[in-house]
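These notes concern the structure reproduced below.
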Amino acid sequence: MPPVSWPSAASTRQLPAMPEVATGAGGDAGVPAAPALSTLSATPPSAGRAVVITRPRRQAEGLAAAVGALGRRPVILPLLDIEPVDDQQGLAQRLACLDAYALVAFVSPNAVDAAFAHIARWPDGVAIAVVGEGSRAALVRHGVDDGRVAIHCPRDPARSDSEHLLQALDLAVLAGRRVLVVRGDGGRELLPDALRAAGCTVETLTAYRRALPRLDAALTAALAELLATPNDWIVTSSEALRGLVAMVSAFGDPESVARLQRQHLIVPHARIAETARALGFGAVTLTGSGDERLLAALQS
């Protein structure tokens, strides 16, 4: 079925064969703790239960179509806006020199898409590192796969982050060589710092900017409607989840925050699951990286 698209403006359930997620409790100031929930029922959700897709709009549409093909009702509600950097010419000039690097690391699908707007062909002999299956899929959309290019990613799809990417890299081979990290504004420093500590010459490149949507009347109404009933929320960013809680908190109604915390979250990364628990969510399913795992969670 076609997706609904709104204007922009506990217990952790784990799918089989996925590693256990830490279950330490916590909470942000001003956010009431959610009540403990029992293990989720194995009964399939009703067709009326919406699947709220919170990715940036461009990345949400393909997943929404796949959700609709399952007979579920997708709702696109972007919780992050992806914006281009101002200096596109400077970005293009930096990306024209990729053959000078031994490795180029992309921290997100957005980094891949923003960079490949300026890349006609990936240079031979330059390896790629990505933190998850979403970024690998973005590379494939741009004609790059591991048939021609060495692509490194975390071995465990449930741990798609910089820490586990580093474990998959041969840092001794990279020592003394140039590495480029392509990311959004305000990205984590863990990956560049660890590569420098291993002896790499590291440069970073900001390829896009992230912004939370403006909480206008349309978005307020959309959130209130979605919180009125239980739904499944696919959340692929800790930053977006924190922004969601901040927006609902801005309603000034503690019950709205409590209703949000009772919603079922489906997340691809352990860090997002940990963020969700710290924010008081009681029903979180960790799937591991990749849309096929997110979709499988909707059918389990």
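Residue numbers start at 1 in each chain; chains themselves are named A, B, ... in the order of the structure tokens; ligands are numbered from 1 in the order shown.
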
Gly288 in chain A environment, 7 Å, only C-alpha atoms, sequence neighbours closer than 5 positions dropped, as a PyMOL selection string: chain A and resi 157-159+268-269+293

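Within 9 Å of Ser162 in chain A, once only C-alpha atoms are used and residues closer than 5 positions along the same chain are dropped, the contacting residues are Val107, Val130, Val131, Pro154, Gln167, Arg188, Leu190 and Leu191 of chain A.
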
Long-range neighbours of range 79-94 of chain A as a PyMOL selection string, 8 Å cut-off, only C-alpha atoms, 4 positions minimum in chain: chain A and resi 8+54-57+98+110+114-115+118-119+205-213+240-241+243-244

Please produce a file of the residues just selected, as a compact mmCIF listing (two decimals), in the first residue's frame, where the atoms kept are N, CA, C and O atoms.
# COMPACT_ATOMS: atom_id res chain seq x y z
N SER A 8 7.65 17.51 6.74
CA SER A 8 8.84 17.59 7.57
C SER A 8 8.71 18.80 8.47
O SER A 8 8.17 19.79 8.16
N THR A 54 11.24 6.83 10.13
CA THR A 54 11.73 8.14 10.56
C THR A 54 13.01 8.56 9.84
O THR A 54 13.61 9.57 10.20
N ARG A 55 13.42 7.81 8.83
CA ARG A 55 14.60 8.18 8.06
C ARG A 55 14.38 9.51 7.32
O ARG A 55 13.23 9.90 7.07
N PRO A 56 15.48 10.14 6.89
CA PRO A 56 15.32 11.26 5.95
C PRO A 56 14.50 10.80 4.74
O PRO A 56 14.57 9.65 4.32
N ARG A 57 13.72 11.71 4.19
CA ARG A 57 12.70 11.36 3.21
C ARG A 57 13.26 10.57 2.03
O ARG A 57 12.66 9.58 1.59
N LEU A 98 40.58 11.37 -4.80
CA LEU A 98 40.43 10.16 -4.00
C LEU A 98 41.56 9.16 -4.21
O LEU A 98 41.85 8.35 -3.32
N ASN A 110 23.98 8.64 3.95
CA ASN A 110 23.95 10.04 3.52
C ASN A 110 25.32 10.52 3.06
O ASN A 110 25.42 11.30 2.11
N ALA A 114 25.93 11.92 -0.70
CA ALA A 114 26.44 13.28 -0.88
C ALA A 114 27.75 13.28 -1.64
O ALA A 114 28.00 14.13 -2.50
N ALA A 115 28.61 12.30 -1.36
CA ALA A 115 29.90 12.23 -2.04
C ALA A 115 29.75 11.83 -3.49
O ALA A 115 30.37 12.42 -4.40
N HIS A 118 29.38 13.81 -6.72
CA HIS A 118 30.55 14.43 -7.35
C HIS A 118 31.57 13.39 -7.83
O HIS A 118 32.69 13.75 -8.19
N ILE A 119 31.21 12.12 -7.80
CA ILE A 119 32.15 11.06 -8.20
C ILE A 119 31.59 10.35 -9.42
O ILE A 119 30.53 9.72 -9.35
N LEU A 205 36.13 14.93 5.90
CA LEU A 205 35.44 15.72 4.88
C LEU A 205 33.95 15.76 5.24
O LEU A 205 33.29 14.73 5.29
N THR A 206 33.44 16.96 5.49
CA THR A 206 32.01 17.13 5.77
C THR A 206 31.26 17.22 4.46
O THR A 206 31.44 18.17 3.69
N ALA A 207 30.40 16.22 4.20
CA ALA A 207 29.71 16.14 2.91
C ALA A 207 28.26 16.59 2.98
O ALA A 207 27.63 16.82 1.95
N TYR A 208 27.70 16.68 4.19
CA TYR A 208 26.30 17.09 4.33
C TYR A 208 26.08 17.62 5.74
O TYR A 208 26.93 17.47 6.62
N ARG A 209 24.93 18.23 5.93
CA ARG A 209 24.54 18.75 7.24
C ARG A 209 23.25 18.08 7.69
O ARG A 209 22.40 17.76 6.86
N ARG A 210 23.12 17.89 9.00
CA ARG A 210 21.89 17.33 9.58
C ARG A 210 21.15 18.43 10.33
O ARG A 210 21.77 19.29 10.96
N ALA A 211 19.84 18.37 10.27
CA ALA A 211 19.03 19.35 11.01
C ALA A 211 17.74 18.68 11.44
O ALA A 211 17.15 17.89 10.68
N LEU A 212 17.30 18.97 12.65
CA LEU A 212 16.00 18.48 13.11
C LEU A 212 14.90 19.27 12.43
O LEU A 212 15.05 20.47 12.17
N PRO A 213 13.78 18.63 12.12
CA PRO A 213 12.67 19.37 11.51
C PRO A 213 12.08 20.38 12.50
O PRO A 213 12.16 20.21 13.71
N ALA A 240 18.16 11.34 15.87
CA ALA A 240 16.76 11.52 15.52
C ALA A 240 15.85 11.12 16.69
O ALA A 240 14.84 11.78 16.95
N LEU A 241 16.21 10.06 17.40
CA LEU A 241 15.39 9.62 18.53
C LEU A 241 15.41 10.65 19.65
O LEU A 241 14.37 10.97 20.23
N GLY A 243 15.87 13.79 19.23
CA GLY A 243 15.08 14.91 18.74
C GLY A 243 13.59 14.65 18.85
O GLY A 243 12.81 15.56 19.18
N LEU A 244 13.17 13.41 18.60
CA LEU A 244 11.76 13.05 18.72
C LEU A 244 11.28 13.24 20.15
O LEU A 244 10.21 13.83 20.39

Proximity to Asp113 in chain A - best of A:Ala50, A:Ile128, A:Arg58, A:Val75, only C-alpha atoms: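 Of A:Ala50, A:Ile128, A:Arg58, A:Val75, the one nearest Asp113 in chain A, counting only C-alpha atoms, is A:Arg58.
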
Using only C-alpha atoms, find the one residue out of A:Thr204, A:Ala127, A:Ala246, A:Arg49 that sits nearest to Gln263 in chain A.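 Smallest distance to Gln263 in chain A is found for A:Arg49.
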
Which value, in Å to one decimal, gives the distance between CA of Glu274 in chain A and CA of Ala296 in chain A?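 Between these atoms lies a distance of 20.9 Å.
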
State, in Å with one decimal place, the distance from CA of Leu139 in chain A to CA of Leu166 in chain A. 19.4 Å
